[in-house]
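As provided, work03.cif (mmCIF, C-alpha atoms) reads as follows.
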```
data_query
loop_
_atom_site.label_atom_id
_atom_site.label_comp_id
_atom_site.auth_asym_id
_atom_site.auth_seq_id
_atom_site.Cartn_x
_atom_site.Cartn_y
_atom_site.Cartn_z
CA MET A 10 -108.97 89.07 3.05
CA SER A 11 -111.48 91.88 3.16
CA PRO A 12 -115.19 91.13 3.73
CA SER A 13 -116.01 92.04 0.14
CA THR A 14 -113.67 89.32 -1.17
CA ILE A 15 -114.93 86.46 1.05
CA ASP A 16 -116.46 83.69 -0.99
CA PRO A 17 -120.14 83.46 0.13
CA SER A 18 -120.08 79.68 -0.29
CA ILE A 19 -117.67 79.51 2.67
CA LEU A 20 -120.41 80.87 4.89
CA SER A 21 -123.06 78.46 3.64
CA HIS A 22 -121.98 75.43 5.70
CA VAL A 23 -120.12 74.44 8.81
CA VAL A 24 -117.44 71.79 8.88
CA ALA A 25 -117.05 69.87 12.12
CA PRO A 26 -113.55 69.30 13.53
CA THR A 27 -113.83 65.69 12.30
CA GLY A 28 -114.25 66.96 8.73
CA ALA A 29 -117.94 66.07 8.51
CA VAL A 30 -120.08 68.72 6.86
CA LEU A 31 -122.99 69.74 9.06
CA GLN A 32 -126.38 70.94 7.88
CA PRO A 33 -126.25 74.05 5.67
CA LEU A 34 -126.96 77.34 7.36
CA GLN A 35 -130.10 78.95 6.02
CA GLN A 36 -129.01 82.41 7.09
CA PRO A 37 -125.23 82.32 7.66
CA LEU A 38 -125.19 85.44 9.80
CA GLY A 39 -128.34 84.60 11.76
CA ASP A 40 -128.29 80.82 12.35
CA ARG A 41 -126.62 79.54 15.47
CA VAL A 42 -123.95 76.88 15.48
CA PRO A 43 -124.17 74.42 18.38
CA GLU A 44 -122.34 75.93 21.34
CA ASP A 45 -120.07 72.94 21.93
CA LEU A 46 -118.95 73.04 18.30
CA ALA A 47 -118.31 76.79 18.48
CA ARG A 48 -116.28 76.39 21.68
CA LYS A 49 -114.20 73.60 20.11
CA ALA A 50 -113.56 75.68 16.99
CA VAL A 51 -112.51 78.71 19.05
CA HIS A 52 -110.22 76.55 21.20
CA GLN A 53 -108.63 75.00 18.10
CA ALA A 54 -108.04 78.44 16.58
CA GLN A 55 -106.56 79.78 19.81
CA THR A 56 -104.30 76.72 20.11
CA ALA A 57 -103.14 77.08 16.51
CA LEU A 58 -102.27 80.73 17.16
CA GLY A 59 -100.37 79.87 20.33
CA LEU A 60 -102.86 81.68 22.56
CA VAL A 61 -103.65 78.69 24.75
CA ARG A 62 -101.18 77.87 27.45
CA PRO A 63 -101.51 75.32 30.20
CA PRO A 64 -102.50 76.91 33.50
CA PRO A 65 -99.66 77.38 35.96
CA ALA A 66 -99.33 74.72 38.59
CA ALA A 67 -101.38 75.72 41.61
CA ARG A 68 -99.34 76.19 44.74
CA PRO A 69 -100.86 76.29 48.18
CA LEU A 70 -101.07 79.84 49.49
CA ILE A 71 -98.97 78.89 52.48
CA SER A 72 -96.02 78.15 50.17
CA VAL A 73 -96.35 81.59 48.55
CA ARG A 74 -96.76 83.68 51.70
CA GLY A 75 -95.01 81.41 54.18
CA GLU A 76 -98.04 81.54 56.48
CA PRO A 77 -101.65 80.37 56.46
CA PRO A 78 -104.15 82.18 54.22
CA PRO A 79 -106.09 85.08 55.73
CA ARG A 80 -109.26 84.15 57.56
CA VAL A 81 -111.01 87.43 56.67
CA VAL A 82 -110.84 89.37 53.39
CA LEU A 83 -112.20 92.92 53.12
CA GLY A 84 -112.90 94.40 49.70
CA PHE A 85 -111.85 98.02 50.25
CA GLY A 86 -113.62 99.95 47.50
CA LEU A 87 -112.56 103.36 48.89
CA GLY A 88 -116.19 104.22 49.53
CA CYS A 89 -118.03 105.09 52.74
CA ASP A 90 -119.01 101.57 53.83
CA SER A 91 -115.72 99.76 53.37
CA SER A 92 -113.78 102.76 54.75
CA ALA A 93 -115.94 102.79 57.89
CA ILE A 94 -115.59 99.04 58.39
CA LEU A 95 -111.81 99.16 57.97
CA ALA A 96 -111.42 102.19 60.24
CA ARG A 97 -113.51 100.54 62.94
CA TRP A 98 -111.68 97.22 62.70
CA LEU A 99 -108.31 99.02 62.95
CA SER A 100 -109.27 101.34 65.81
CA GLU A 101 -111.67 99.18 67.85
CA PRO A 102 -110.34 95.65 68.45
CA LEU A 103 -113.59 94.61 70.15
CA SER A 104 -115.47 95.22 66.86
CA ARG A 105 -113.86 92.19 65.26
CA ASP A 106 -113.50 88.52 66.15
CA PHE A 107 -110.13 88.01 64.47
CA ALA A 108 -106.56 89.23 64.82
CA LEU A 109 -105.28 91.81 62.33
CA ASN A 110 -102.73 89.33 60.98
CA GLU A 111 -105.73 87.22 59.85
CA LEU A 112 -107.07 90.11 57.72
CA ALA A 113 -106.32 90.77 54.07
CA VAL A 114 -107.51 94.06 52.55
CA VAL A 115 -107.95 94.06 48.78
CA THR A 116 -108.23 97.29 46.81
CA ALA A 117 -107.36 98.81 43.45
CA MET A 118 -107.02 102.48 42.57
CA THR A 119 -108.11 102.95 38.96
CA GLY A 120 -107.32 106.64 38.63
CA GLN A 121 -111.00 107.56 38.63
CA GLU A 122 -111.15 108.32 42.36
CA TRP A 123 -112.12 111.71 43.73
CA PRO A 124 -108.98 113.78 44.56
CA ALA A 125 -110.03 113.96 48.22
CA THR A 126 -110.35 110.16 48.36
CA ARG A 127 -106.87 109.72 46.94
CA LEU A 128 -105.46 112.19 49.46
CA LEU A 129 -107.18 110.51 52.41
CA VAL A 130 -106.09 107.02 51.38
CA ASP A 131 -102.52 108.11 50.59
CA ILE A 132 -102.02 109.83 53.97
CA GLY A 133 -100.80 106.59 55.52
CA ASN A 134 -98.72 105.66 52.49
CA PRO A 135 -95.02 106.52 53.05
CA GLY A 136 -94.32 106.34 49.29
#
```
So that I can check it, write out the structure of this file as structure tokens.
Amino acid sequence: MSPSTIDPSILSHVVAPTGAVLQPLQQPLGDRVPEDLARKAVHQAQTALGLVRPPPAARPLISVRGEPPPRVVLGFGLGCDSSAILARWLSEPLSRDFALNELAVVTAMTGQEWPATRLLVDIGNPG
């Protein structure tokens, strides 16, 4: 249904999930509906469309990796700071208070990196 064919009377009130009609909206496009009611309505619509699925069962990280979770996580953003930290941790064991097998490095290449950055990061990549 195009916006020009929507019956304006539909926009003049809000019906609660229980079927009760709530107070009329004075300005249908400007009045706010209570947030809890809006969230319930969105959830009901998503459920009806099959967009809501139960979350997957959480499994302990040890069952996924077969070893304990990392003690230290470094966000490697490919910039100067995180590159310097990672290089130092890899080359100077005394600069860290953890073993390398306790370190997880998280990064993502979006395709927006400088060509030189990609080249420098890919040097150690055999693929």
Checklist line | Point-to-point distance in Å for CA of Ser91 (chain A) and CA of Leu128 (chain A) | finding: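 According to the coordinates, CA of Leu128 (chain A) and CA of Ser91 (chain A) are separated by 16.6 Å.
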Item checked: Expected answer as a PyMOL selection string: all residues with atoms within 10 Å of (-113.3, 99.0, 50.5), all atoms listed in the file -> chain A and resi 83-95+114-117
Checklist line | Contacts of Ala108 (chain A) at 12 Å (only C-alpha atoms; same-chain gap of 2+ positions) as a list in words | finding: Pro79, Arg80, Val81, Trp98, Leu99, Glu101, Pro102, Leu103, Ser104, Arg105, Asp106, Asn110, Glu111, Leu112 and Ala113 of chain A
Next item on the list: Enter the distance from CA of Leu109 (chain A) to CA of Glu76 (chain A), in Å, rounded to one decimal.
Entry: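 Separating CA of Leu109 (chain A) from CA of Glu76 (chain A) is a distance of 13.9 Å.
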